[in-house]
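A.B. asks: Below you'll find work-v1.cif; it's mmCIF, C-alpha atoms (C1' of nucleotides) and all ligand atoms.
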```
data_coords
loop_
_atom_site.label_atom_id
_atom_site.label_comp_id
_atom_site.auth_asym_id
_atom_site.auth_seq_id
_atom_site.Cartn_x
_atom_site.Cartn_y
_atom_site.Cartn_z
CA MET A 16 15.97 8.21 17.13
CA PRO A 17 19.47 9.60 17.09
CA LYS A 18 22.30 7.77 18.82
CA ASN A 19 23.14 8.88 22.37
CA CYS A 20 20.27 11.30 22.55
CA ASN A 21 18.40 11.97 25.73
CA PHE A 22 16.00 9.06 25.62
CA ILE A 23 14.15 10.27 28.71
CA GLU A 24 13.31 13.53 26.99
CA LYS A 25 12.56 11.84 23.68
CA LEU A 26 10.11 9.49 25.33
CA ARG A 27 8.40 12.31 27.21
CA GLU A 28 8.13 14.34 24.01
CA VAL A 29 5.90 11.71 22.41
CA GLY A 30 3.90 11.07 25.57
CA LEU A 31 5.53 7.86 26.69
CA ARG A 32 6.67 7.67 30.30
CA PRO A 33 10.39 7.03 30.51
CA THR A 34 10.36 3.80 32.46
CA LYS A 35 13.40 1.68 33.19
CA GLN A 36 12.30 -0.84 30.57
CA ARG A 37 11.68 1.70 27.84
CA ILE A 38 14.96 3.49 28.42
CA LYS A 39 16.84 0.20 28.21
CA MET A 40 15.03 -0.64 25.00
CA CYS A 41 15.99 2.74 23.55
CA GLU A 42 19.62 2.09 24.41
CA VAL A 43 19.58 -1.37 22.88
CA LEU A 44 17.79 -0.18 19.74
CA TYR A 45 19.28 3.24 19.09
CA ASN A 46 22.68 3.52 20.74
CA ARG A 47 24.55 2.10 17.81
CA GLU A 48 26.24 3.30 14.65
CA LYS A 49 23.85 1.81 12.12
CA THR A 50 20.20 0.98 11.99
CA PHE A 51 19.34 -2.71 12.07
CA HIS A 52 16.66 -5.35 11.69
CA PHE A 53 15.38 -7.65 14.38
CA THR A 54 12.64 -10.01 15.44
CA ILE A 55 10.93 -9.77 18.82
CA ASN A 56 12.92 -12.79 19.89
CA ASP A 57 16.24 -11.22 18.90
CA LEU A 58 15.28 -8.17 20.89
CA VAL A 59 14.27 -10.06 24.01
CA LYS A 60 17.66 -11.78 23.96
CA MET A 61 19.54 -8.51 23.53
CA ILE A 62 17.67 -6.82 26.34
CA SER A 63 18.03 -9.76 28.69
CA GLU A 64 21.79 -9.77 28.19
CA GLN A 65 22.01 -6.10 29.09
CA MET A 66 19.66 -6.04 32.06
CA ASN A 67 20.21 -7.38 35.54
CA GLN A 68 16.48 -7.47 36.06
CA LYS A 69 14.23 -9.50 33.78
CA ILE A 70 11.84 -7.83 31.36
CA SER A 71 8.44 -9.29 30.55
CA LEU A 72 7.79 -10.49 27.03
CA ALA A 73 4.51 -8.56 27.10
CA THR A 74 6.42 -5.35 27.80
CA VAL A 75 8.67 -5.95 24.83
CA TYR A 76 5.65 -6.41 22.58
CA ASN A 77 3.89 -3.40 24.11
CA THR A 78 6.91 -1.18 23.75
CA VAL A 79 7.79 -2.27 20.23
CA HIS A 80 4.26 -1.47 19.15
CA ALA A 81 4.29 1.84 21.03
CA PHE A 82 7.56 2.78 19.30
CA GLU A 83 6.12 1.67 15.98
CA LYS A 84 3.05 3.85 16.48
CA LYS A 85 5.26 6.83 17.32
CA GLY A 86 7.30 6.25 14.18
CA TYR A 87 10.47 5.05 15.87
CA LEU A 88 10.23 1.54 14.45
CA LYS A 89 8.91 0.05 11.28
CA GLU A 90 7.58 -3.40 10.62
CA ILE A 91 8.93 -5.29 7.60
CA SER A 92 7.11 -8.18 5.92
CA ILE A 93 9.32 -10.75 4.31
CA ASP A 94 8.33 -13.89 6.05
CA SER A 95 4.68 -14.45 6.77
CA HIS A 96 5.53 -16.41 9.85
CA LYS A 97 7.34 -13.86 11.94
CA SER A 98 7.51 -10.08 12.27
CA TYR A 99 10.72 -8.27 11.49
CA PHE A 100 11.28 -4.73 12.69
CA ASP A 101 13.61 -2.05 11.42
CA THR A 102 15.12 0.91 13.26
CA ASN A 103 15.45 2.55 9.86
CA THR A 104 11.94 3.98 9.57
CA SER A 105 12.33 5.61 6.16
CA ALA A 106 10.88 3.94 3.07
CA HIS A 107 13.73 1.89 1.68
CA HIS A 108 14.51 -1.29 -0.18
CA HIS A 109 15.90 -4.57 1.09
CA PHE A 110 17.93 -7.53 0.12
CA PHE A 111 16.84 -10.68 1.87
CA ASP A 112 19.41 -13.42 2.13
CA GLU A 113 17.44 -16.63 1.87
CA ASP A 114 20.35 -18.67 3.25
CA THR A 115 20.90 -16.72 6.46
CA HIS A 116 17.48 -15.04 6.70
CA GLU A 117 19.28 -11.73 7.04
CA LEU A 118 17.86 -8.42 5.84
CA ILE A 119 20.21 -5.91 4.25
CA ASP A 120 19.30 -2.30 3.60
CA CYS A 121 19.60 -0.93 0.14
CA ASP A 122 20.56 2.68 -0.39
CA GLU A 123 18.48 4.92 -2.60
CA SER A 124 21.58 5.21 -4.80
CA ASP A 125 21.74 1.44 -5.34
CA ILE A 126 18.53 1.41 -7.35
CA ASP A 127 17.55 3.55 -10.31
CA LYS A 128 14.43 5.58 -9.77
CA ILE A 129 11.32 3.43 -9.92
CA ASN A 130 8.57 4.77 -12.11
CA ILE A 131 5.07 3.39 -11.66
CA ARG A 132 2.82 4.07 -14.60
CA LYS A 133 -0.24 2.33 -13.27
CA LYS A 134 -2.64 4.42 -11.20
CA ILE A 135 -5.41 3.11 -9.02
CA THR A 136 -8.30 5.53 -9.00
CA GLY A 137 -9.16 7.05 -5.64
CA LYS A 138 -5.99 5.62 -4.12
CA LYS A 139 -2.74 7.31 -3.31
CA ILE A 140 0.62 5.60 -3.05
CA ASN A 141 1.86 5.28 0.52
CA SER A 142 5.12 3.50 -0.15
CA VAL A 143 7.08 1.77 -2.87
CA GLU A 144 9.43 -0.86 -1.60
CA LEU A 145 11.53 -3.43 -3.30
CA LEU A 146 12.48 -6.81 -1.95
CA VAL A 147 15.41 -8.50 -3.64
CA ARG A 148 15.78 -12.10 -2.62
CA VAL A 149 19.30 -13.45 -2.89
CA ALA A 150 20.92 -16.79 -2.20
CA SER A 151 24.35 -18.31 -2.49
CA ASP A 152 25.63 -18.71 -6.00
CA ASN A 153 26.88 -22.32 -5.91
CA GLN A 154 25.68 -23.87 -9.10
CA THR A 155 27.42 -23.83 -12.48
CA GLN A 156 31.06 -23.20 -11.65
CA LYS A 157 33.77 -24.29 -14.07
CA MET B 15 -1.81 -24.53 -14.32
CA PRO B 16 -3.89 -23.76 -17.36
CA LYS B 17 -7.63 -23.38 -17.11
CA ASN B 18 -9.73 -26.48 -17.89
CA CYS B 19 -6.72 -28.70 -18.27
CA ASN B 20 -6.78 -32.33 -17.27
CA PHE B 21 -6.04 -31.91 -13.60
CA ILE B 22 -5.85 -35.66 -13.04
CA GLU B 23 -3.05 -35.92 -15.57
CA LYS B 24 -1.35 -32.75 -14.34
CA LEU B 25 -1.29 -34.06 -10.79
CA ARG B 26 0.07 -37.43 -11.85
CA GLU B 27 2.77 -35.74 -13.90
CA VAL B 28 4.27 -34.16 -10.81
CA GLY B 29 3.83 -37.25 -8.67
CA LEU B 30 0.75 -36.23 -6.72
CA ARG B 31 -2.09 -38.72 -6.56
CA PRO B 32 -5.24 -37.23 -8.03
CA THR B 33 -7.51 -37.49 -5.03
CA LYS B 34 -11.02 -36.05 -4.84
CA GLN B 35 -9.74 -33.24 -2.60
CA ARG B 36 -6.84 -32.28 -4.83
CA ILE B 37 -8.92 -32.29 -7.98
CA LYS B 38 -11.49 -30.04 -6.33
CA MET B 39 -8.74 -27.69 -5.19
CA CYS B 40 -7.38 -27.53 -8.73
CA GLU B 41 -10.82 -26.63 -10.05
CA VAL B 42 -11.32 -23.93 -7.45
CA LEU B 43 -7.84 -22.49 -7.97
CA TYR B 44 -7.27 -22.82 -11.70
CA ASN B 45 -10.61 -23.04 -13.52
CA ARG B 46 -11.00 -19.30 -13.86
CA GLU B 47 -10.11 -16.54 -16.27
CA LYS B 48 -7.53 -14.73 -14.18
CA THR B 49 -5.03 -15.65 -11.53
CA PHE B 50 -5.86 -14.50 -8.03
CA HIS B 51 -4.68 -14.09 -4.45
CA PHE B 52 -6.06 -15.84 -1.42
CA THR B 53 -5.50 -16.77 2.18
CA ILE B 54 -5.92 -20.29 3.51
CA ASN B 55 -9.17 -19.17 5.07
CA ASP B 56 -10.51 -17.76 1.82
CA LEU B 57 -9.68 -21.04 0.15
CA VAL B 58 -11.31 -23.22 2.79
CA LYS B 59 -14.50 -21.19 2.35
CA MET B 60 -14.40 -21.49 -1.45
CA ILE B 61 -13.83 -25.23 -1.33
CA SER B 62 -16.49 -25.82 1.30
CA GLU B 63 -19.05 -23.98 -0.84
CA GLN B 64 -18.28 -26.19 -3.82
CA MET B 65 -18.07 -29.55 -2.09
CA ASN B 66 -20.88 -31.66 -0.72
CA GLN B 67 -18.39 -33.45 1.50
CA LYS B 68 -16.26 -31.57 4.01
CA ILE B 69 -12.53 -31.14 3.53
CA SER B 70 -10.13 -31.16 6.43
CA LEU B 71 -8.21 -27.97 7.19
CA ALA B 72 -5.05 -30.07 7.41
CA THR B 73 -5.61 -31.27 3.85
CA VAL B 74 -5.95 -27.72 2.60
CA TYR B 75 -2.65 -26.81 4.24
CA ASN B 76 -0.99 -29.97 2.98
CA THR B 77 -2.21 -29.48 -0.56
CA VAL B 78 -1.42 -25.77 -0.72
CA HIS B 79 2.13 -26.54 0.36
CA ALA B 80 2.37 -29.46 -2.05
CA PHE B 81 1.22 -27.21 -4.90
CA GLU B 82 3.65 -24.53 -3.78
CA LYS B 83 6.53 -27.02 -3.81
CA LYS B 84 5.58 -28.13 -7.32
CA GLY B 85 5.50 -24.53 -8.49
CA TYR B 86 1.74 -24.23 -8.94
CA LEU B 87 1.34 -21.68 -6.17
CA LYS B 88 3.44 -18.94 -4.75
CA GLU B 89 3.45 -17.43 -1.29
CA ILE B 90 3.32 -13.65 -0.98
CA SER B 91 4.46 -11.75 2.12
CA ILE B 92 2.68 -8.52 2.78
CA ASP B 93 1.28 -9.01 6.20
CA SER B 94 3.42 -10.74 8.76
CA HIS B 95 0.38 -12.17 10.42
CA LYS B 96 -1.15 -14.24 7.67
CA SER B 97 0.02 -16.04 4.52
CA TYR B 98 -1.25 -14.94 1.14
CA PHE B 99 -0.94 -17.20 -1.86
CA ASP B 100 -0.97 -16.38 -5.55
CA THR B 101 -1.94 -18.58 -8.48
CA ASN B 102 0.28 -16.34 -10.60
CA THR B 103 3.61 -17.99 -9.91
CA SER B 104 5.78 -15.71 -12.04
CA ALA B 105 7.88 -13.02 -10.39
CA HIS B 106 5.70 -9.92 -10.48
CA HIS B 107 4.89 -6.78 -8.58
CA HIS B 108 1.90 -5.95 -6.42
CA PHE B 109 -0.25 -3.15 -5.23
CA PHE B 110 -1.58 -3.72 -1.75
CA ASP B 111 -4.71 -1.82 -0.83
CA GLU B 112 -4.33 -1.03 2.84
CA ASP B 113 -8.04 -0.23 3.19
CA THR B 114 -9.43 -3.46 1.78
CA HIS B 115 -6.36 -5.68 2.28
CA GLU B 116 -6.61 -6.62 -1.36
CA LEU B 117 -3.62 -7.55 -3.53
CA ILE B 118 -3.56 -6.36 -7.13
CA ASP B 119 -1.12 -7.66 -9.72
CA CYS B 120 1.05 -5.24 -11.55
CA ASP B 121 1.98 -5.91 -15.17
CA GLU B 122 5.57 -5.81 -16.26
CA SER B 123 4.57 -2.91 -18.49
CA ASP B 124 3.29 -0.86 -15.55
CA ILE B 125 6.76 -0.42 -14.12
CA ASP B 126 9.92 0.76 -15.82
CA LYS B 127 12.74 -1.72 -15.73
CA ILE B 128 14.33 -1.90 -12.30
CA ASN B 129 18.09 -1.70 -12.30
CA ILE B 130 19.93 -2.84 -9.19
CA ARG B 131 23.45 -1.55 -9.00
CA LYS B 132 24.37 -3.13 -5.70
CA LYS B 133 25.86 -6.60 -5.82
CA ILE B 134 26.27 -8.95 -2.87
CA THR B 135 29.35 -11.07 -3.32
CA GLY B 136 28.75 -14.79 -3.59
CA LYS B 137 25.02 -14.27 -3.88
CA LYS B 138 22.79 -14.37 -6.91
CA ILE B 139 19.47 -12.58 -7.26
CA ASN B 140 16.49 -14.92 -7.09
CA SER B 141 13.74 -12.37 -7.47
CA VAL B 142 13.08 -8.65 -7.54
CA GLU B 143 9.62 -7.73 -6.42
CA LEU B 144 7.98 -4.45 -5.69
CA LEU B 145 5.23 -3.82 -3.19
CA VAL B 146 3.30 -0.61 -3.66
CA ARG B 147 1.08 0.17 -0.70
CA VAL B 148 -1.94 2.30 -1.55
CA ALA B 149 -4.81 3.70 0.45
CA SER B 150 -7.81 5.88 -0.20
CA ASP B 151 -7.02 9.45 -1.09
CA ASN B 152 -9.41 11.34 1.21
CA GLN B 153 -7.39 14.19 2.59
CA THR B 154 -6.94 17.62 1.01
CA GLN B 155 -9.89 18.02 -1.33
CA LYS B 156 -11.12 21.48 -2.27
"C1'" DC C 24 -7.65 -58.96 -5.48
"C1'" DA C 25 -3.99 -58.22 -2.21
"C1'" DA C 26 -0.12 -55.33 -0.84
"C1'" DT C 27 1.91 -50.94 -0.33
"C1'" DA C 28 2.89 -46.34 -0.31
"C1'" DG C 29 0.79 -42.12 -0.26
"C1'" DT C 30 -3.30 -39.33 1.57
"C1'" DT C 31 -6.86 -37.64 4.54
"C1'" DT C 32 -8.46 -36.64 8.88
"C1'" DA C 33 -9.56 -35.17 13.77
"C1'" DG C 34 -7.56 -33.56 17.15
"C1'" DA C 35 -3.43 -32.37 19.85
"C1'" DA C 36 0.70 -29.59 19.93
"C1'" DT C 37 3.36 -25.62 18.83
"C1'" DT C 38 4.41 -20.83 17.95
"C1'" DA C 39 3.64 -16.06 17.66
"C1'" DT C 40 0.91 -12.73 19.34
"C1'" DT C 41 -2.72 -10.38 22.11
"C1'" DA C 42 -5.81 -9.93 26.14
"C1'" DT C 43 -6.62 -9.81 31.15
"C1'" DA C 44 -6.32 -8.23 35.48
"C1'" DA C 45 -3.52 -7.57 39.42
"C1'" DT C 46 0.43 -5.02 40.98
"C1'" DG C 47 3.72 -1.28 40.48
"C1'" DT C 48 5.35 3.38 39.43
"C1'" DA C 49 5.95 8.20 37.22
"C1'" DG C 50 4.41 12.46 37.60
"C1'" DA C 51 0.92 15.57 39.28
"C1'" DT C 52 -1.62 17.42 43.33
"C1'" DT C 53 -1.97 18.44 47.65
"C1'" DA D 5 6.87 14.59 51.48
"C1'" DA D 6 2.48 12.02 51.38
"C1'" DT D 7 -1.22 11.01 48.37
"C1'" DC D 8 -3.43 10.37 44.10
"C1'" DT D 9 -4.15 8.70 39.56
"C1'" DA D 10 -3.33 7.46 35.09
"C1'" DC D 11 -0.23 4.87 32.76
"C1'" DA D 12 3.03 0.61 32.72
"C1'" DT D 13 4.65 -3.79 33.82
"C1'" DT D 14 3.92 -8.38 34.69
"C1'" DA D 15 2.52 -13.33 34.87
"C1'" DT D 16 -0.53 -15.85 32.94
"C1'" DA D 17 -4.47 -17.10 30.09
"C1'" DA D 18 -6.47 -16.77 25.62
"C1'" DT D 19 -6.37 -16.71 20.67
"C1'" DA D 20 -4.98 -17.54 15.96
"C1'" DA D 21 -2.30 -19.55 12.44
"C1'" DT D 22 0.08 -23.39 11.45
"C1'" DT D 23 2.19 -27.97 12.01
"C1'" DC D 24 2.35 -32.59 13.99
"C1'" DT D 25 0.55 -37.23 15.05
"C1'" DA D 26 -1.20 -41.41 14.35
"C1'" DA D 27 -5.11 -43.86 12.88
"C1'" DA D 28 -8.23 -44.71 9.02
"C1'" DC D 29 -8.62 -44.51 4.11
"C1'" DT D 30 -7.52 -44.96 -0.94
"C1'" DA D 31 -4.97 -44.86 -5.44
"C1'" DT D 32 -1.92 -47.53 -7.70
"C1'" DT D 33 0.98 -51.72 -8.47
"C1'" DG D 34 1.77 -56.51 -8.94
MN MN A 201 2.24 -5.96 13.89
MN MN A 202 4.72 -21.08 4.33
ZN ZN A 203 15.80 -1.85 6.57
ZN ZN A 204 0.10 -11.61 -7.69
#
```
Please re-express this file's structure in structure tokens.
Ligand SMILES: [Mn+2]
Ligand SMILES: [Mn+2]
Ligand SMILES: [Zn+2]
Ligand SMILES: [Zn+2]
C.D. replies:
Amino acid sequence: MPKNCNFIEKLREVGLRPTKQRIKMCEVLYNREKTFHFTINDLVKMISEQMNQKISLATVYNTVHAFEKKGYLKEISIDSHKSYFDTNTSAHHHFFDEDTHELIDCDESDIDKINIRKKITGKKINSVELLVRVASDNQTQK
Amino acid sequence: MPKNCNFIEKLREVGLRPTKQRIKMCEVLYNREKTFHFTINDLVKMISEQMNQKISLATVYNTVHAFEKKGYLKEISIDSHKSYFDTNTSAHHHFFDEDTHELIDCDESDIDKINIRKKITGKKINSVELLVRVASDNQTQK
DNA sequence: CAATAGTTTAGAATTATTATAATGTAGATT
DNA sequence: AATCTACATTATAATAATTCTAAACTATTG
């Protein structure tokens, strides 16, 4: 979703009623310069800080999954213990900082084209994504 | 761990006492031609089928994590809702069949060398792994 | 054969997530 | 504008995966 767009219209377009909660979530998620990564918990905190009224955890889950289904959010699997979501819904690669548990997007231009020679019969490729795990470089220093 | 090796010795070598449960788990995991992928649930079923005596779920978790720490197992993140483990502990790529939820290893030779141009200052690369999601190809057929 | 440290175990606790069912509300219909 | 209805929100209960606890057990050492 583009920044500062008419969220009410955007929600209606995809058949989601523009409720107070959903509009606030759109603002928190999409009214910013860059896309970002978050966990449900991160998001609940962000919303709570920006709303006078409390939002139910169930609504956050419902809405995140509704947005995901409509293609406005994407789930990322790096840690099998928690779901990460991404407002960048295109297929793209990530760095994962194992010290800070932070995800960093990787531009197409950062990686040479990936060529997959293996084919699986009867199956088509849905996505090709790289995960580059990094950690602080504090070992052999002179 | 190599197939048909002396698991008792191997366990002792890394400081794990060779208990009945651990030896059985070694047999189930490593006495086979090829490496494979499993969930904790898969593993509990496999062990139960091969043991007269029951094994505690806690022991399976404990032992899987002990083996992981010793480098005999590797955790794979594809689905944020469940942990997958791999007896192939080298860094390697995967196909994930979204229909069957099956993981398939990808040989080094199946993928052209991946060149990462982006550097993150103060961080070293620990691993570079590709996940290729595939699904059945049942759409536009003439 | 102790003694001891490590291991297994059942069951409780925790965490993330989903289901339930009552209440509320957006948008359509009168 | 009042009413209707399908969709949403909510608190709370339920579930599922995983971890913790503390007692019973066992491999190894002396
Ligand atoms: Mn999900
Ligand atoms: Mn784990
Ligand atoms: Zn991203
Ligand atoms: Zn594998």
A.B. asks: Please return the superposed copy of chain A as a CSV table (one decimal) with C-alpha atoms, in the coordinates of the input; the fit should be least squares onto chain B across all sequentially paired Cα atoms.
C.D. replies:
```csv
chain,number,residue,atom,x,y,z
A,16,MET,CA,-1.8,-24.5,-14.3
A,17,PRO,CA,-3.9,-23.7,-17.4
A,18,LYS,CA,-7.7,-23.3,-17.1
A,19,ASN,CA,-9.8,-26.4,-17.9
A,20,CYS,CA,-6.8,-28.7,-18.3
A,21,ASN,CA,-6.8,-32.3,-17.3
A,22,PHE,CA,-6.1,-31.9,-13.6
A,23,ILE,CA,-5.9,-35.6,-13.1
A,24,GLU,CA,-3.1,-35.9,-15.6
A,25,LYS,CA,-1.4,-32.7,-14.4
A,26,LEU,CA,-1.3,-34.0,-10.8
A,27,ARG,CA,0.0,-37.4,-11.9
A,28,GLU,CA,2.7,-35.7,-14.0
A,29,VAL,CA,4.2,-34.1,-10.9
A,30,GLY,CA,3.8,-37.2,-8.7
A,31,LEU,CA,0.7,-36.2,-6.8
A,32,ARG,CA,-2.1,-38.7,-6.6
A,33,PRO,CA,-5.3,-37.2,-8.1
A,34,THR,CA,-7.5,-37.5,-5.1
A,35,LYS,CA,-11.0,-36.1,-4.9
A,36,GLN,CA,-9.8,-33.3,-2.6
A,37,ARG,CA,-6.9,-32.3,-4.8
A,38,ILE,CA,-9.0,-32.3,-8.0
A,39,LYS,CA,-11.5,-30.0,-6.3
A,40,MET,CA,-8.8,-27.7,-5.2
A,41,CYS,CA,-7.4,-27.5,-8.7
A,42,GLU,CA,-10.8,-26.6,-10.0
A,43,VAL,CA,-11.3,-23.9,-7.4
A,44,LEU,CA,-7.8,-22.5,-7.9
A,45,TYR,CA,-7.3,-22.8,-11.7
A,46,ASN,CA,-10.6,-23.0,-13.5
A,47,ARG,CA,-11.0,-19.3,-13.8
A,48,GLU,CA,-10.1,-16.5,-16.2
A,49,LYS,CA,-7.5,-14.7,-14.1
A,50,THR,CA,-5.0,-15.7,-11.5
A,51,PHE,CA,-5.9,-14.5,-8.0
A,52,HIS,CA,-4.7,-14.1,-4.4
A,53,PHE,CA,-6.0,-15.9,-1.4
A,54,THR,CA,-5.5,-16.8,2.2
A,55,ILE,CA,-5.9,-20.3,3.5
A,56,ASN,CA,-9.1,-19.2,5.1
A,57,ASP,CA,-10.5,-17.8,1.8
A,58,LEU,CA,-9.7,-21.1,0.2
A,59,VAL,CA,-11.3,-23.3,2.8
A,60,LYS,CA,-14.5,-21.2,2.4
A,61,MET,CA,-14.4,-21.5,-1.4
A,62,ILE,CA,-13.8,-25.2,-1.3
A,63,SER,CA,-16.5,-25.8,1.3
A,64,GLU,CA,-19.1,-24.0,-0.8
A,65,GLN,CA,-18.3,-26.2,-3.8
A,66,MET,CA,-18.1,-29.5,-2.1
A,67,ASN,CA,-20.9,-31.7,-0.7
A,68,GLN,CA,-18.4,-33.5,1.5
A,69,LYS,CA,-16.3,-31.6,4.0
A,70,ILE,CA,-12.6,-31.2,3.5
A,71,SER,CA,-10.1,-31.2,6.4
A,72,LEU,CA,-8.2,-28.0,7.2
A,73,ALA,CA,-5.0,-30.1,7.4
A,74,THR,CA,-5.6,-31.3,3.8
A,75,VAL,CA,-5.9,-27.8,2.6
A,76,TYR,CA,-2.6,-26.8,4.2
A,77,ASN,CA,-1.0,-30.0,3.0
A,78,THR,CA,-2.2,-29.5,-0.6
A,79,VAL,CA,-1.4,-25.8,-0.7
A,80,HIS,CA,2.1,-26.6,0.4
A,81,ALA,CA,2.4,-29.5,-2.1
A,82,PHE,CA,1.2,-27.2,-4.9
A,83,GLU,CA,3.7,-24.6,-3.8
A,84,LYS,CA,6.5,-27.0,-3.8
A,85,LYS,CA,5.6,-28.1,-7.3
A,86,GLY,CA,5.5,-24.5,-8.5
A,87,TYR,CA,1.8,-24.2,-8.9
A,88,LEU,CA,1.3,-21.7,-6.1
A,89,LYS,CA,3.5,-18.9,-4.7
A,90,GLU,CA,3.5,-17.5,-1.3
A,91,ILE,CA,3.4,-13.7,-1.0
A,92,SER,CA,4.5,-11.8,2.1
A,93,ILE,CA,2.7,-8.5,2.8
A,94,ASP,CA,1.3,-9.0,6.2
A,95,SER,CA,3.5,-10.8,8.8
A,96,HIS,CA,0.4,-12.2,10.4
A,97,LYS,CA,-1.1,-14.3,7.7
A,98,SER,CA,0.1,-16.1,4.5
A,99,TYR,CA,-1.2,-15.0,1.2
A,100,PHE,CA,-0.9,-17.2,-1.8
A,101,ASP,CA,-1.0,-16.4,-5.5
A,102,THR,CA,-1.9,-18.6,-8.5
A,103,ASN,CA,0.3,-16.3,-10.6
A,104,THR,CA,3.6,-18.0,-9.9
A,105,SER,CA,5.8,-15.7,-12.0
A,106,ALA,CA,7.9,-13.0,-10.4
A,107,HIS,CA,5.7,-9.9,-10.4
A,108,HIS,CA,4.9,-6.8,-8.6
A,109,HIS,CA,1.9,-6.0,-6.4
A,110,PHE,CA,-0.3,-3.2,-5.2
A,111,PHE,CA,-1.6,-3.7,-1.7
A,112,ASP,CA,-4.7,-1.8,-0.8
A,113,GLU,CA,-4.3,-1.0,2.8
A,114,ASP,CA,-8.0,-0.2,3.2
A,115,THR,CA,-9.4,-3.5,1.8
A,116,HIS,CA,-6.3,-5.6,2.3
A,117,GLU,CA,-6.6,-6.6,-1.3
A,118,LEU,CA,-3.6,-7.5,-3.5
A,119,ILE,CA,-3.6,-6.4,-7.1
A,120,ASP,CA,-1.1,-7.7,-9.7
A,121,CYS,CA,1.0,-5.3,-11.6
A,122,ASP,CA,2.0,-6.0,-15.1
A,123,GLU,CA,5.6,-5.9,-16.2
A,124,SER,CA,4.6,-3.0,-18.5
A,125,ASP,CA,3.3,-0.9,-15.6
A,126,ILE,CA,6.8,-0.5,-14.2
A,127,ASP,CA,9.9,0.7,-15.9
A,128,LYS,CA,12.7,-1.7,-15.8
A,129,ILE,CA,14.3,-1.9,-12.3
A,130,ASN,CA,18.1,-1.7,-12.3
A,131,ILE,CA,19.9,-2.8,-9.2
A,132,ARG,CA,23.5,-1.5,-9.0
A,133,LYS,CA,24.4,-3.0,-5.7
A,134,LYS,CA,25.9,-6.5,-5.8
A,135,ILE,CA,26.3,-8.8,-2.9
A,136,THR,CA,29.4,-10.9,-3.3
A,137,GLY,CA,28.8,-14.7,-3.5
A,138,LYS,CA,25.1,-14.1,-3.8
A,139,LYS,CA,22.8,-14.3,-6.8
A,140,ILE,CA,19.5,-12.5,-7.2
A,141,ASN,CA,16.5,-14.9,-7.0
A,142,SER,CA,13.8,-12.4,-7.4
A,143,VAL,CA,13.1,-8.6,-7.5
A,144,GLU,CA,9.6,-7.7,-6.4
A,145,LEU,CA,8.0,-4.4,-5.7
A,146,LEU,CA,5.2,-3.8,-3.2
A,147,VAL,CA,3.3,-0.6,-3.7
A,148,ARG,CA,1.1,0.2,-0.8
A,149,VAL,CA,-1.9,2.3,-1.6
A,150,ALA,CA,-4.8,3.7,0.4
A,151,SER,CA,-7.8,5.9,-0.3
A,152,ASP,CA,-7.1,9.5,-1.2
A,153,ASN,CA,-9.4,11.4,1.1
A,154,GLN,CA,-7.4,14.2,2.5
A,155,THR,CA,-6.9,17.6,1.0
A,156,GLN,CA,-9.8,18.1,-1.4
A,157,LYS,CA,-11.0,21.5,-2.4
```
A.B. asks: Select, from A:Lys69, A:His107, A:Arg148, A:His80, the residue with the minimum atom-to-atom distance to ligand ZN 203 (chain A), counting only C-alpha atoms and all ligand atoms.
C.D. replies: A:His107
A.B. asks: Using only C-alpha atoms (C1' of nucleotides), which chain C residues lie at most 12 Å away from chain A, written as a PyMOL selection string?
C.D. replies: chain C and resi 38-43+47-50
A.B. asks: Write out, as a CSV table (one decimal), in the frame of the given file, the residues just selected, with C-alpha atoms (C1' of nucleotides).
C.D. replies:
```csv
chain,number,residue,atom,x,y,z
C,38,DT,C1',4.4,-20.8,18.0
C,39,DA,C1',3.6,-16.1,17.7
C,40,DT,C1',0.9,-12.7,19.3
C,41,DT,C1',-2.7,-10.4,22.1
C,42,DA,C1',-5.8,-9.9,26.1
C,43,DT,C1',-6.6,-9.8,31.2
C,47,DG,C1',3.7,-1.3,40.5
C,48,DT,C1',5.4,3.4,39.4
C,49,DA,C1',6.0,8.2,37.2
C,50,DG,C1',4.4,12.5,37.6
```
A.B. asks: Please identify all protein, DNA and RNA residues within 9 Å of ligand ZN 204 (chain A), counting all atoms listed in the file, and report them as a tab-separated table (two decimals) with C-alpha atoms, in the coordinates of the input.
C.D. replies:
```tsv
chain	number	residue	atom	x	y	z
B	49	THR	CA	-5.03	-15.65	-11.53
B	50	PHE	CA	-5.86	-14.50	-8.03
B	51	HIS	CA	-4.68	-14.09	-4.45
B	88	LYS	CA	3.44	-18.94	-4.75
B	90	ILE	CA	3.32	-13.65	-0.98
B	99	PHE	CA	-0.94	-17.20	-1.86
B	100	ASP	CA	-0.97	-16.38	-5.55
B	101	THR	CA	-1.94	-18.58	-8.48
B	102	ASN	CA	0.28	-16.34	-10.60
B	103	THR	CA	3.61	-17.99	-9.91
B	104	SER	CA	5.78	-15.71	-12.04
B	105	ALA	CA	7.88	-13.02	-10.39
B	106	HIS	CA	5.70	-9.92	-10.48
B	107	HIS	CA	4.89	-6.78	-8.58
B	108	HIS	CA	1.90	-5.95	-6.42
B	109	PHE	CA	-0.25	-3.15	-5.23
B	117	LEU	CA	-3.62	-7.55	-3.53
B	118	ILE	CA	-3.56	-6.36	-7.13
B	119	ASP	CA	-1.12	-7.66	-9.72
B	120	CYS	CA	1.05	-5.24	-11.55
```
A.B. asks: Starting from chain A, keep only residues with some atom at most 6 Å from an atom of chain B, counting only C-alpha atoms, and report them as a list in words.
C.D. replies: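 The complete set of qualifying residues is Ser92, Ile93, Asp94, Ser95, Lys97, Ser98, Asp125, Ile126, Asp127, Asn130, Ile131, Arg132, Lys133, Gly137, Lys138, Lys139, Ile140, Asn141, Ser142, Val143, Glu144, Leu145, Leu146, Val147, Arg148, Val149, Ala150, Ser151 and Asp152 of chain A.
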